[in-house]
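What follows is the content of data31.tsv (TSV, C-alpha atoms and all ligand atoms).
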chain	number	residue	atom	x	y	z
A	1476	MET	CA	99.78	112.76	85.83
A	1477	PRO	CA	96.68	112.94	83.59
A	1478	ASP	CA	93.32	113.11	85.36
A	1479	LEU	CA	92.19	109.66	84.36
A	1480	ALA	CA	95.39	108.11	85.65
A	1481	ARG	CA	95.04	109.92	88.96
A	1482	PHE	CA	91.48	108.71	89.28
A	1483	ARG	CA	92.61	105.14	88.74
A	1484	ALA	CA	95.39	105.50	91.25
A	1485	LEU	CA	93.02	106.81	93.90
A	1486	HIS	CA	90.33	104.28	93.24
A	1487	ALA	CA	92.32	101.11	93.52
A	1488	GLU	CA	90.43	99.00	90.99
A	1489	ALA	CA	92.23	98.93	87.65
A	1490	GLU	CA	89.86	98.86	84.72
A	1491	ASP	CA	92.00	96.52	82.72
A	1492	LEU	CA	91.64	93.77	85.30
A	1493	ALA	CA	88.65	91.98	83.85
A	1494	ARG	CA	87.44	89.80	86.68
A	1495	PRO	CA	85.46	86.63	86.27
A	1496	SER	CA	82.42	86.44	88.53
A	1497	VAL	CA	83.35	82.97	89.81
A	1498	ALA	CA	86.49	81.97	91.65
A	1499	ASN	CA	87.74	79.12	89.48
A	1500	ILE	CA	91.46	79.10	89.97
A	1501	LEU	CA	92.71	76.68	92.57
A	1502	HIS	CA	96.24	76.58	93.97
A	1503	VAL	CA	97.07	73.35	95.78
A	1504	ASP	CA	100.20	73.22	97.89
A	1505	MET	CA	101.42	70.26	99.91
A	1506	ASP	CA	102.27	71.14	103.52
A	1507	ALA	CA	105.98	70.68	104.41
A	1508	PHE	CA	106.04	68.11	101.61
A	1509	PHE	CA	109.42	66.38	102.12
A	1510	VAL	CA	108.85	66.19	105.86
A	1511	SER	CA	105.34	64.80	105.37
A	1512	VAL	CA	106.64	62.10	103.02
A	1513	GLU	CA	109.33	61.10	105.53
A	1514	LEU	CA	106.72	60.96	108.28
A	1515	LEU	CA	104.79	58.32	106.33
A	1516	ASP	CA	107.61	55.93	107.30
A	1517	ARG	CA	108.22	57.49	110.69
A	1518	PRO	CA	104.82	58.18	112.27
A	1519	ASP	CA	106.55	58.39	115.65
A	1520	LEU	CA	107.92	61.80	114.58
A	1521	HIS	CA	104.51	63.50	114.23
A	1522	GLY	CA	104.37	66.72	116.26
A	1523	LYS	CA	108.15	66.89	116.62
A	1524	PRO	CA	110.62	69.35	115.10
A	1525	VAL	CA	111.90	67.52	112.00
A	1526	VAL	CA	114.46	68.79	109.50
A	1527	VAL	CA	115.06	67.13	106.12
A	1528	GLY	CA	118.29	67.64	104.20
A	1529	GLY	CA	121.04	65.99	106.21
A	1530	GLN	CA	122.75	65.96	109.59
A	1531	PRO	CA	123.50	69.13	111.58
A	1532	ASP	CA	127.26	68.54	111.30
A	1533	GLN	CA	127.09	68.40	107.49
A	1534	ARG	CA	127.79	71.22	105.08
A	1535	GLY	CA	124.46	71.21	103.19
A	1536	VAL	CA	121.30	73.21	103.65
A	1537	VAL	CA	117.83	72.44	105.00
A	1538	SER	CA	115.50	71.28	102.24
A	1539	ALA	CA	112.36	71.19	104.41
A	1540	ALA	CA	111.37	71.78	108.02
A	1541	SER	CA	108.26	70.65	109.91
A	1542	TYR	CA	105.99	73.34	111.31
A	1543	GLU	CA	107.28	72.47	114.79
A	1544	ALA	CA	110.86	73.09	113.60
A	1545	ARG	CA	109.84	76.38	111.94
A	1546	LYS	CA	108.84	77.70	115.38
A	1547	PHE	CA	112.56	77.69	116.21
A	1548	GLY	CA	113.31	79.86	113.18
A	1549	ILE	CA	114.42	77.00	110.95
A	1550	HIS	CA	113.53	77.36	107.27
A	1551	SER	CA	114.54	75.80	103.97
A	1552	ALA	CA	117.84	76.87	102.38
A	1553	MET	CA	119.29	77.58	105.83
A	1554	PRO	CA	122.65	75.86	106.53
A	1555	LEU	CA	122.12	72.59	108.44
A	1556	ARG	CA	124.64	73.74	111.03
A	1557	THR	CA	122.59	76.85	111.78
A	1558	ALA	CA	119.46	74.71	112.11
A	1559	GLY	CA	121.33	72.42	114.52
A	1560	LYS	CA	122.21	75.40	116.70
A	1561	LEU	CA	118.67	76.82	116.65
A	1562	CYS	CA	117.08	73.53	117.66
A	1563	PRO	CA	119.57	70.91	118.86
A	1564	HIS	CA	116.82	68.43	119.78
A	1565	ALA	CA	115.26	68.46	116.28
A	1566	VAL	CA	115.33	65.17	114.36
A	1567	PHE	CA	117.53	65.51	111.27
A	1568	LEU	CA	116.78	63.22	108.32
A	1569	ASP	CA	118.51	62.70	104.99
A	1570	GLY	CA	116.45	63.62	101.90
A	1571	HIS	CA	115.14	60.99	99.44
A	1572	HIS	CA	114.33	62.85	96.27
A	1573	ALA	CA	113.32	59.88	94.14
A	1574	LYS	CA	110.68	59.06	96.75
A	1575	TYR	CA	109.36	62.66	96.76
A	1576	GLY	CA	109.07	62.48	92.99
A	1577	GLU	CA	106.93	59.33	93.22
A	1578	TRP	CA	104.57	60.88	95.77
A	1579	SER	CA	104.38	64.02	93.66
A	1580	ASP	CA	103.24	61.89	90.70
A	1581	ARG	CA	100.55	60.29	92.85
A	1582	VAL	CA	99.28	63.71	93.90
A	1583	ALA	CA	99.33	64.88	90.27
A	1584	SER	CA	97.22	61.93	89.18
A	1585	ILE	CA	94.60	62.79	91.82
A	1586	LEU	CA	94.58	66.42	90.63
A	1587	ALA	CA	94.01	65.24	87.07
A	1588	ARG	CA	90.72	63.66	88.18
A	1589	PHE	CA	89.41	67.10	89.12
A	1590	SER	CA	90.30	69.15	86.07
A	1591	PRO	CA	91.75	68.69	82.59
A	1592	ILE	CA	93.85	71.80	83.21
A	1593	VAL	CA	96.49	71.09	85.84
A	1594	GLU	CA	99.76	72.94	85.88
A	1595	MET	CA	102.31	71.43	88.25
A	1596	VAL	CA	104.58	74.39	89.02
A	1597	SER	CA	106.92	72.48	91.30
A	1598	ILE	CA	107.19	69.09	92.94
A	1599	ASP	CA	104.58	69.97	95.55
A	1600	GLU	CA	102.30	72.64	94.13
A	1601	ALA	CA	99.92	73.04	91.22
A	1602	TYR	CA	97.33	75.35	89.71
A	1603	LEU	CA	94.02	73.96	88.48
A	1604	ASP	CA	91.44	75.68	86.37
A	1605	LEU	CA	88.10	74.43	87.68
A	1606	ALA	CA	85.99	76.27	85.10
A	1607	GLY	CA	83.52	73.88	83.49
A	1608	THR	CA	84.10	71.01	85.94
A	1609	GLU	CA	80.81	71.51	87.87
A	1610	ARG	CA	79.16	68.46	86.37
A	1611	MET	CA	81.90	66.20	87.71
A	1612	HIS	CA	82.47	67.55	91.19
A	1613	GLY	CA	80.02	70.38	91.85
A	1614	PRO	CA	80.77	74.09	92.21
A	1615	PRO	CA	84.46	75.06	92.64
A	1616	LEU	CA	84.36	75.41	96.42
A	1617	ALA	CA	82.78	71.99	96.91
A	1618	ALA	CA	85.15	70.45	94.36
A	1619	THR	CA	88.14	71.96	96.16
A	1620	ASP	CA	87.05	70.63	99.52
A	1621	LYS	CA	86.60	67.18	98.01
A	1622	LEU	CA	89.95	67.37	96.22
A	1623	LEU	CA	91.96	68.30	99.32
A	1624	ARG	CA	90.27	65.55	101.35
A	1625	THR	CA	90.92	63.01	98.60
A	1626	ILE	CA	94.65	63.83	98.53
A	1627	THR	CA	94.99	63.43	102.27
A	1628	ARG	CA	92.86	60.26	102.38
A	1629	GLU	CA	94.65	58.52	99.51
A	1630	THR	CA	98.22	59.60	100.24
A	1631	GLY	CA	98.22	60.40	103.93
A	1632	LEU	CA	99.88	63.73	103.05
A	1633	PRO	CA	98.52	67.05	104.37
A	1634	CYS	CA	97.86	69.87	101.90
A	1635	SER	CA	96.30	73.32	101.62
A	1636	GLY	CA	94.34	75.10	98.94
A	1637	GLY	CA	93.51	78.60	97.80
A	1638	LEU	CA	90.54	79.28	95.56
A	1639	ALA	CA	90.28	82.67	93.85
A	1640	THR	CA	89.76	84.48	90.57
A	1641	THR	CA	93.47	84.77	89.75
A	1642	ARG	CA	96.50	82.57	90.20
A	1643	LEU	CA	98.27	85.19	92.26
A	1644	THR	CA	95.41	85.52	94.74
A	1645	ALA	CA	94.93	81.74	94.85
A	1646	LYS	CA	98.58	81.20	95.71
A	1647	VAL	CA	98.56	83.76	98.48
A	1648	ALA	CA	95.32	82.20	99.76
A	1649	SER	CA	96.74	78.68	100.00
A	1650	ASP	CA	99.72	80.07	101.85
A	1651	GLN	CA	97.43	81.80	104.34
A	1652	GLY	CA	95.54	78.54	104.76
A	1653	LYS	CA	98.56	76.46	105.80
A	1654	PRO	CA	98.70	73.92	107.23
A	1655	ARG	CA	95.67	71.80	106.29
A	1656	GLY	CA	93.56	74.78	105.31
A	1657	LEU	CA	91.41	76.07	102.50
A	1658	VAL	CA	91.02	79.79	101.87
A	1659	TRP	CA	88.41	81.01	99.41
A	1660	VAL	CA	88.62	84.59	98.16
A	1661	ALA	CA	85.28	85.57	96.70
A	1662	PRO	CA	85.23	87.55	93.43
A	1663	GLY	CA	85.67	91.25	94.19
A	1664	GLN	CA	87.35	90.61	97.55
A	1665	GLU	CA	90.89	90.29	96.18
A	1666	ALA	CA	92.16	93.73	97.17
A	1667	GLN	CA	90.61	93.49	100.63
A	1668	PHE	CA	92.16	90.06	101.18
A	1669	LEU	CA	95.64	91.15	100.08
A	1670	SER	CA	95.72	94.64	101.67
A	1671	PRO	CA	96.92	93.84	105.20
A	1672	LEU	CA	99.65	91.44	104.07
A	1673	PRO	CA	103.34	92.37	103.91
A	1674	VAL	CA	104.47	92.90	100.28
A	1675	ARG	CA	106.77	89.88	100.51
A	1676	LYS	CA	103.68	87.63	100.56
A	1677	ILE	CA	103.02	88.51	96.92
A	1678	PRO	CA	104.48	85.86	94.61
A	1679	GLY	CA	107.33	87.29	92.59
A	1680	ILE	CA	108.28	89.92	95.17
A	1681	GLY	CA	111.58	88.81	96.59
A	1682	GLU	CA	114.18	90.31	98.85
A	1683	VAL	CA	115.38	92.88	96.32
A	1684	THR	CA	111.96	94.39	95.63
A	1685	GLU	CA	111.03	94.20	99.31
A	1686	ARG	CA	114.11	96.24	100.19
A	1687	ALA	CA	113.46	98.78	97.44
A	1688	LEU	CA	109.85	99.18	98.57
A	1689	ARG	CA	110.81	99.51	102.21
A	1690	ALA	CA	113.14	102.35	101.25
A	1691	LEU	CA	110.03	104.10	99.89
A	1692	GLY	CA	108.16	103.45	103.13
A	1693	ILE	CA	106.03	100.69	101.61
A	1694	GLU	CA	105.58	97.57	103.70
A	1695	THR	CA	102.05	96.32	103.11
A	1696	VAL	CA	100.14	95.47	99.96
A	1697	ALA	CA	97.67	98.25	100.83
A	1698	GLN	CA	100.49	100.80	100.78
A	1699	LEU	CA	101.77	99.41	97.49
A	1700	ALA	CA	98.28	99.63	96.00
A	1701	GLU	CA	98.19	103.36	96.77
A	1702	ILE	CA	101.15	104.13	94.50
A	1703	SER	CA	100.26	105.23	91.00
A	1704	PRO	CA	101.28	103.05	88.07
A	1705	GLU	CA	103.28	106.00	86.67
A	1706	ARG	CA	105.34	106.32	89.82
A	1707	LEU	CA	105.96	102.58	90.03
A	1708	GLU	CA	107.04	102.55	86.41
A	1709	THR	CA	109.42	105.45	86.95
A	1710	ILE	CA	111.05	103.61	89.81
A	1711	PHE	CA	110.97	100.00	88.61
A	1712	GLY	CA	110.51	100.15	84.83
A	1713	GLN	CA	108.27	97.40	83.46
A	1714	TRP	CA	108.49	95.55	86.74
A	1715	GLY	CA	106.60	98.54	88.21
A	1716	THR	CA	103.65	97.84	85.95
A	1717	ALA	CA	103.65	94.24	87.16
A	1718	LEU	CA	103.76	95.43	90.78
A	1719	TYR	CA	100.77	97.68	90.19
A	1720	ARG	CA	98.81	94.72	88.88
A	1721	LYS	CA	100.01	92.36	91.59
A	1722	ALA	CA	98.94	94.72	94.38
A	1723	ARG	CA	95.38	94.23	93.07
A	1724	GLY	CA	95.63	90.47	92.80
A	1725	GLY	CA	96.17	90.57	89.06
A	1726	ASP	CA	98.21	88.04	87.14
A	1727	SER	CA	100.34	88.58	84.15
A	1728	TYR	CA	100.27	86.21	81.23
A	1729	GLU	CA	103.07	84.09	82.49
A	1730	PHE	CA	103.33	83.58	86.22
A	1731	VAL	CA	106.84	82.25	86.24
A	1732	LEU	CA	108.30	84.86	83.90
A	1733	ASP	CA	106.81	87.60	85.98
A	1734	ALA	CA	108.67	86.72	89.15
A	1735	GLU	CA	111.67	88.69	90.27
A	1736	PRO	CA	114.55	86.72	88.77
A	1737	LYS	CA	117.76	85.86	90.63
A	1738	SER	CA	119.70	85.64	87.41
A	1739	ILE	CA	119.00	85.89	83.71
A	1740	SER	CA	120.81	83.68	81.26
A	1741	HIS	CA	120.83	82.41	77.71
A	1742	ASN	CA	123.03	79.84	76.06
A	1743	HIS	CA	123.45	78.23	72.71
A	1744	THR	CA	124.91	74.89	71.65
A	1745	PHE	CA	126.44	74.76	68.18
A	1746	GLY	CA	125.29	71.98	65.88
A	1747	GLU	CA	128.93	71.54	65.05
A	1748	ASP	CA	131.84	72.54	67.30
A	1749	THR	CA	133.55	75.66	65.98
A	1750	ASN	CA	136.48	78.00	66.51
A	1751	ASP	CA	135.50	80.38	63.74
A	1752	LEU	CA	135.93	83.75	65.38
A	1753	PRO	CA	133.30	85.77	63.46
A	1754	THR	CA	130.71	83.07	64.20
A	1755	LEU	CA	131.62	83.04	67.89
A	1756	HIS	CA	131.59	86.83	68.14
A	1757	SER	CA	128.25	87.14	66.47
A	1758	LEU	CA	126.68	84.47	68.67
A	1759	LEU	CA	128.09	86.06	71.79
A	1760	SER	CA	126.68	89.41	70.80
A	1761	HIS	CA	123.32	87.82	70.07
A	1762	LEU	CA	123.18	86.04	73.45
A	1763	SER	CA	124.26	89.16	75.25
A	1764	GLN	CA	121.45	91.17	73.64
A	1765	LYS	CA	118.84	88.56	74.45
A	1766	THR	CA	119.93	88.55	78.08
A	1767	CYS	CA	119.93	92.36	78.18
A	1768	LYS	CA	116.45	92.58	76.79
A	1769	ARG	CA	115.07	90.35	79.53
A	1770	LEU	CA	116.99	92.35	82.10
A	1771	ARG	CA	115.33	95.56	80.98
A	1772	GLU	CA	111.91	93.98	80.73
A	1773	ALA	CA	112.22	93.07	84.38
A	1774	GLY	CA	113.25	96.68	85.14
A	1775	LEU	CA	116.55	95.46	86.54
A	1776	ALA	CA	120.24	96.16	86.20
A	1777	ALA	CA	123.05	93.67	86.83
A	1778	ARG	CA	126.40	93.90	88.49
A	1779	THR	CA	127.81	90.47	87.72
A	1780	LEU	CA	128.30	89.08	84.23
A	1781	THR	CA	129.17	85.42	83.75
A	1782	LEU	CA	130.36	83.84	80.55
A	1783	THR	CA	130.19	80.08	80.05
A	1784	ILE	CA	132.38	78.39	77.44
A	1785	ARG	CA	132.03	74.67	76.85
A	1786	TYR	CA	134.62	73.08	74.62
A	1787	ALA	CA	134.30	69.96	72.52
A	1788	GLY	CA	134.86	67.19	75.03
A	1789	PHE	CA	132.49	68.86	77.50
A	1790	ASP	CA	134.90	70.81	79.72
A	1791	ALA	CA	132.98	73.89	80.74
A	1792	TYR	CA	134.50	77.07	82.07
A	1793	THR	CA	132.69	79.98	83.62
A	1794	ARG	CA	134.31	83.36	84.05
A	1795	SER	CA	132.67	86.27	85.85
A	1796	ARG	CA	133.19	89.97	86.05
A	1797	THR	CA	131.63	92.22	88.65
A	1798	MET	CA	131.10	95.76	87.44
A	1799	PRO	CA	131.68	98.81	89.66
A	1800	GLU	CA	128.08	99.94	89.00
A	1801	PRO	CA	124.96	98.02	87.97
A	1802	VAL	CA	124.65	97.95	84.16
A	1803	HIS	CA	121.69	97.46	81.85
A	1804	LEU	CA	122.69	98.82	78.44
A	1805	ASP	CA	123.46	96.53	75.52
A	1806	ALA	CA	126.67	98.31	74.62
A	1807	ASP	CA	128.26	97.98	78.06
A	1808	ILE	CA	127.17	94.42	78.68
A	1809	GLN	CA	128.17	93.25	75.24
A	1810	ALA	CA	131.61	94.85	75.54
A	1811	ALA	CA	132.16	93.18	78.91
A	1812	PHE	CA	131.17	89.75	77.60
A	1813	LEU	CA	133.47	90.17	74.60
A	1814	ALA	CA	136.33	91.15	76.86
A	1815	LEU	CA	135.74	88.10	79.07
A	1816	PHE	CA	135.65	85.93	75.98
A	1817	GLU	CA	138.88	87.33	74.52
A	1818	GLU	CA	140.63	87.08	77.85
A	1819	HIS	CA	139.73	83.49	78.64
A	1820	ARG	CA	139.14	81.69	75.37
A	1821	ASP	CA	141.50	78.85	74.48
A	1822	THR	CA	142.07	79.69	70.81
A	1823	LYS	CA	143.29	76.20	70.00
A	1824	ARG	CA	140.07	74.45	70.98
A	1825	LYS	CA	136.73	74.23	69.26
A	1826	ILE	CA	133.72	75.49	71.18
A	1827	ARG	CA	130.49	73.58	71.65
A	1828	LEU	CA	128.45	75.99	73.77
A	1829	LEU	CA	128.46	79.63	74.77
A	1830	GLY	CA	126.33	81.09	77.54
A	1831	THR	CA	125.79	84.53	79.02
A	1832	ALA	CA	124.32	85.17	82.46
A	1833	LEU	CA	123.57	88.28	84.48
A	1834	SER	CA	123.25	88.16	88.24
A	1835	ASN	CA	123.61	90.33	91.32
A	1836	LEU	CA	120.47	92.10	90.09
A	1837	THR	CA	119.18	95.40	91.41
A	1838	HIS	CA	116.38	97.76	90.52
A	1839	GLY	CA	116.85	100.91	88.54
A	1840	GLY	CA	119.04	101.12	85.50
A	1841	GLU	CA	121.33	104.06	86.24
A	1842	GLN	CA	124.85	103.66	84.99
A	1843	LEU	CA	125.91	107.06	86.22
A	1844	ASN	CA	129.63	106.63	86.30
A	1845	LEU	CA	130.04	104.88	82.99
A	1846	LEU	CA	128.49	107.39	80.64
A	1847	ASP	CA	127.93	111.09	80.46
A	1848	ALA	CA	124.32	112.16	80.75
A	1849	SER	CA	123.60	113.06	77.14
A	1850	ARG	CA	125.09	109.89	75.70
A	1851	ARG	CA	123.22	107.84	78.27
A	1852	GLU	CA	119.92	109.46	77.41
A	1853	LYS	CA	120.48	108.82	73.73
A	1854	LEU	CA	121.40	105.19	74.28
A	1855	GLU	CA	118.45	104.59	76.56
A	1856	LYS	CA	116.11	106.03	73.95
A	1857	LEU	CA	117.65	103.86	71.27
A	1858	THR	CA	117.43	100.82	73.52
A	1859	ARG	CA	113.76	101.41	74.27
A	1860	ALA	CA	112.97	101.93	70.61
A	1861	ALA	CA	114.79	98.73	69.70
A	1862	ASP	CA	112.94	96.80	72.41
A	1863	ASP	CA	109.62	98.08	71.04
A	1864	LEU	CA	110.52	96.94	67.56
A	1865	ARG	CA	111.72	93.58	68.84
A	1866	ASN	CA	108.43	93.12	70.63
A	1867	ARG	CA	106.51	93.93	67.51
A	1868	PHE	CA	108.53	92.02	64.98
A	1869	GLY	CA	110.29	89.31	66.95
A	1870	PHE	CA	113.73	89.39	68.42
A	1871	GLY	CA	115.77	88.47	65.34
A	1872	LYS	CA	114.80	91.54	63.34
A	1873	ILE	CA	116.42	94.26	65.41
A	1874	GLN	CA	119.93	93.87	66.66
A	1875	PHE	CA	122.78	96.11	67.49
A	1876	GLY	CA	125.91	95.98	65.38
A	1877	GLY	CA	128.10	92.98	65.88
A	1878	SER	CA	125.41	90.38	65.71
A	1879	LEU	CA	123.80	91.41	62.44
A	1880	LYS	CA	125.10	88.33	60.70
A	1881	ARG	CA	123.04	85.91	62.71
A	1882	GLU	CA	119.83	84.69	61.19
A	1883	GLU	CA	117.03	83.77	63.55
B	1901	MG	MG	104.60	73.18	99.76
Let me see the file written as structure tokens.
Amino acid sequence: MPDLARFRALHAEAEDLARPSVANILHVDMDAFFVSVELLDRPDLHGKPVVVGGQPDQRGVVSAASYEARKFGIHSAMPLRTAGKLCPHAVFLDGHHAKYGEWSDRVASILARFSPIVEMVSIDEAYLDLAGTERMHGPPLAATDKLLRTITRETGLPCSGGLATTRLTAKVASDQGKPRGLVWVAPGQEAQFLSPLPVRKIPGIGEVTERALRALGIETVAQLAEISPERLETIFGQWGTALYRKARGGDSYEFVLDAEPKSISHNHTFGEDTNDLPTLHSLLSHLSQKTCKRLREAGLAARTLTLTIRYAGFDAYTRSRTMPEPVHLDADIQAAFLALFEEHRDTKRKIRLLGTALSNLTHGGEQLNLLDASRREKLEKLTRAADDLRNRFGFGKIQFGGSLKREE
């Protein structure tokens, strides 16, 4: 490692993280949103374990749980039956998604009074840029306090906020503030605020990364922040660079794109249904390469490949193949998609849409058993060079054989 890099690794602060001197980024998150909306009609249930999503003898999953229910280990996405076993005396309610949408719109219209820049990232959370709003509502901290109180006064719904210099830090802050809390992270305090937290608290770090980090003995953000960017990049590829930044509270350009994905997919609908084989092959190859590129950018490899074929008349078929080893190279993934296509295509029917998806994602791109070492090294070099060119000139310019016909 060069000296400068070592210095940066030892002295946590990355130079490229230009920090504003005012915490302007606000993350607002509604507390147990679906439950809170249901409680508007059922005030008698306040303070009780409440589960929204259906009845405990139904097959579905929990879509929200009150804080009282969470104490019993109930959380969203858990099967309703499991929730019923964990807390038999909880009150189980059916979900009403149209109603949640209406309340979400009401919250959004309140947010819009506080800043022209509001980004709703889901039904119950949003980022606001409070820069330049002082004349309307005072300095950011005062404006935030007023905003959270206004939401609760006008809707009756509890919420929490995080105010910080970056979106990542603001989101972690609002989470730490829950329920009904506001956490302000002053400029320069980001690393100190994040350090003691488990890595899983960092947005974008999911189960897969958590497991990979634990295998390296890394459990807290402080431990993650001690690892050099070079080492992280060796282990995780480009995702490692993102992790390095995240450990210091830094954002990337696009919050959503930077998260650890569960699956990566692309599809294309033809303007006119077709069964022209060269056209279909070239599109498939194009989609497969696009999906692969995103896979590598995330520093991931995939074990499961899924092909979607939709015929004229809207019948859609998906066919999957699970590989013996995780794969990340264009050549292997493209060949597998082509094989799936050849195997399952109904040659008599015209096709309206093709889609490629990669799932069962893991870190590290070794495909040890599929290729000998020298060929692998060569292909990886070629792949990296092609990705560089694609980044510089746009995706359509550089493609591997088989999709050269397609014009972007
Ligand atoms: Mg929420």
Name the residues, by chain letter and number, that sit within 8 Å of ligand MG 1901 (chain B) using only C-alpha atoms and all ligand atoms, and give them as a PyMOL selection string. chain A and resi 1504-1508+1599-1600+1634
Name the residues in contact with Phe1711 of chain A at a cut-off of 7 Å, using only C-alpha atoms, excluding same-chain residues fewer than 4 positions from it; report them as a PyMOL selection string. chain A and resi 1707+1715+1774+1838-1839
Select, from A:Leu1770, A:Ala1776, A:Leu1758, A:Ala1722, the residue with the minimum atom-to-atom distance to Leu1828 of chain A, counting all atoms listed in the file.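 For Leu1828 of chain A, the nearest of the candidates is A:Leu1758.
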Between A:His1502, A:Val1510, A:Ala1617, A:Glu1594, which residue has the minimum interatomic distance to Phe1567 of chain A, considering all atoms listed in the file?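 The shortest atom-to-atom distance to Phe1567 of chain A comes from A:Val1510.
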Using only C-alpha atoms, can you tell me which of A:Gly1692, A:Gly1529, A:Gly1830, A:Gly1725 comes closest to Ile1784 of chain A?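 When distances to Ile1784 of chain A are compared using only C-alpha atoms, the smallest one comes from A:Gly1830.
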Nearest to Arg1723 of chain A: which of A:Val1503, A:Val1674, A:Leu1759, A:Ala1558 is it, counting all atoms listed in the file? A:Val1674
Set the distance at 8 Å and use all atoms listed in the file: which residues neighbour Cys1767 of chain A once local chain neighbours fewer than 3 positions away are removed? I'd like the list as a ChimeraX atom specification. /A:1763-1764,1770-1771,1803-1805,1808
Pick the closest to Leu1752 of chain A from A:Ile1826, A:Leu1616, A:Ile1592, A:Ala1697: which is it, counting all atoms listed in the file?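 Among A:Ile1826, A:Leu1616, A:Ile1592, A:Ala1697, it is A:Ile1826 that comes nearest to Leu1752 of chain A.
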Let me have the centre and edge lengths of the axis-aligned box enclosing all listed atoms of segment 1597-1612 of chain A with 5 Å padding on every side, in Å to one decimal, as AutoDock Vina command-line options.
--center_x 93.2 --center_y 71.2 --center_z 89.5 --size_x 38.0 --size_y 20.1 --size_z 22.1
Need the shell around segment 1654-1668 of chain A: protein/DNA/RNA residues with any atom at most 10 Å away, counting all atoms listed in the file. Skip same-chain ones fewer than 3 positions apart. Format as a PyMOL selection string? chain A and resi 1487-1488+1494-1499+1501-1507+1542+1615-1616+1619-1620+1623-1624+1627+1632-1641+1643-1651+1671-1672+1696-1697+1700+1721-1725
Could you take the residues named above and write them with C-alpha atoms, as a PDB file, in the coordinates of the input?
ATOM      1  CA  ALA A1487      92.320 101.110  93.520  1.00  0.00           C
ATOM      2  CA  GLU A1488      90.430  99.000  90.990  1.00  0.00           C
ATOM      3  CA  ARG A1494      87.440  89.800  86.680  1.00  0.00           C
ATOM      4  CA  PRO A1495      85.460  86.630  86.270  1.00  0.00           C
ATOM      5  CA  SER A1496      82.420  86.440  88.530  1.00  0.00           C
ATOM      6  CA  VAL A1497      83.350  82.970  89.810  1.00  0.00           C
ATOM      7  CA  ALA A1498      86.490  81.970  91.650  1.00  0.00           C
ATOM      8  CA  ASN A1499      87.740  79.120  89.480  1.00  0.00           C
ATOM      9  CA  LEU A1501      92.710  76.680  92.570  1.00  0.00           C
ATOM     10  CA  HIS A1502      96.240  76.580  93.970  1.00  0.00           C
ATOM     11  CA  VAL A1503      97.070  73.350  95.780  1.00  0.00           C
ATOM     12  CA  ASP A1504     100.200  73.220  97.890  1.00  0.00           C
ATOM     13  CA  MET A1505     101.420  70.260  99.910  1.00  0.00           C
ATOM     14  CA  ASP A1506     102.270  71.140 103.520  1.00  0.00           C
ATOM     15  CA  ALA A1507     105.980  70.680 104.410  1.00  0.00           C
ATOM     16  CA  TYR A1542     105.990  73.340 111.310  1.00  0.00           C
ATOM     17  CA  PRO A1615      84.460  75.060  92.640  1.00  0.00           C
ATOM     18  CA  LEU A1616      84.360  75.410  96.420  1.00  0.00           C
ATOM     19  CA  THR A1619      88.140  71.960  96.160  1.00  0.00           C
ATOM     20  CA  ASP A1620      87.050  70.630  99.520  1.00  0.00           C
ATOM     21  CA  LEU A1623      91.960  68.300  99.320  1.00  0.00           C
ATOM     22  CA  ARG A1624      90.270  65.550 101.350  1.00  0.00           C
ATOM     23  CA  THR A1627      94.990  63.430 102.270  1.00  0.00           C
ATOM     24  CA  LEU A1632      99.880  63.730 103.050  1.00  0.00           C
ATOM     25  CA  PRO A1633      98.520  67.050 104.370  1.00  0.00           C
ATOM     26  CA  CYS A1634      97.860  69.870 101.900  1.00  0.00           C
ATOM     27  CA  SER A1635      96.300  73.320 101.620  1.00  0.00           C
ATOM     28  CA  GLY A1636      94.340  75.100  98.940  1.00  0.00           C
ATOM     29  CA  GLY A1637      93.510  78.600  97.800  1.00  0.00           C
ATOM     30  CA  LEU A1638      90.540  79.280  95.560  1.00  0.00           C
ATOM     31  CA  ALA A1639      90.280  82.670  93.850  1.00  0.00           C
ATOM     32  CA  THR A1640      89.760  84.480  90.570  1.00  0.00           C
ATOM     33  CA  THR A1641      93.470  84.770  89.750  1.00  0.00           C
ATOM     34  CA  LEU A1643      98.270  85.190  92.260  1.00  0.00           C
ATOM     35  CA  THR A1644      95.410  85.520  94.740  1.00  0.00           C
ATOM     36  CA  ALA A1645      94.930  81.740  94.850  1.00  0.00           C
ATOM     37  CA  LYS A1646      98.580  81.200  95.710  1.00  0.00           C
ATOM     38  CA  VAL A1647      98.560  83.760  98.480  1.00  0.00           C
ATOM     39  CA  ALA A1648      95.320  82.200  99.760  1.00  0.00           C
ATOM     40  CA  SER A1649      96.740  78.680 100.000  1.00  0.00           C
ATOM     41  CA  ASP A1650      99.720  80.070 101.850  1.00  0.00           C
ATOM     42  CA  GLN A1651      97.430  81.800 104.340  1.00  0.00           C
ATOM     43  CA  PRO A1671      96.920  93.840 105.200  1.00  0.00           C
ATOM     44  CA  LEU A1672      99.650  91.440 104.070  1.00  0.00           C
ATOM     45  CA  VAL A1696     100.140  95.470  99.960  1.00  0.00           C
ATOM     46  CA  ALA A1697      97.670  98.250 100.830  1.00  0.00           C
ATOM     47  CA  ALA A1700      98.280  99.630  96.000  1.00  0.00           C
ATOM     48  CA  LYS A1721     100.010  92.360  91.590  1.00  0.00           C
ATOM     49  CA  ALA A1722      98.940  94.720  94.380  1.00  0.00           C
ATOM     50  CA  ARG A1723      95.380  94.230  93.070  1.00  0.00           C
ATOM     51  CA  GLY A1724      95.630  90.470  92.800  1.00  0.00           C
ATOM     52  CA  GLY A1725      96.170  90.570  89.060  1.00  0.00           C
TER      53      GLY A1725
END
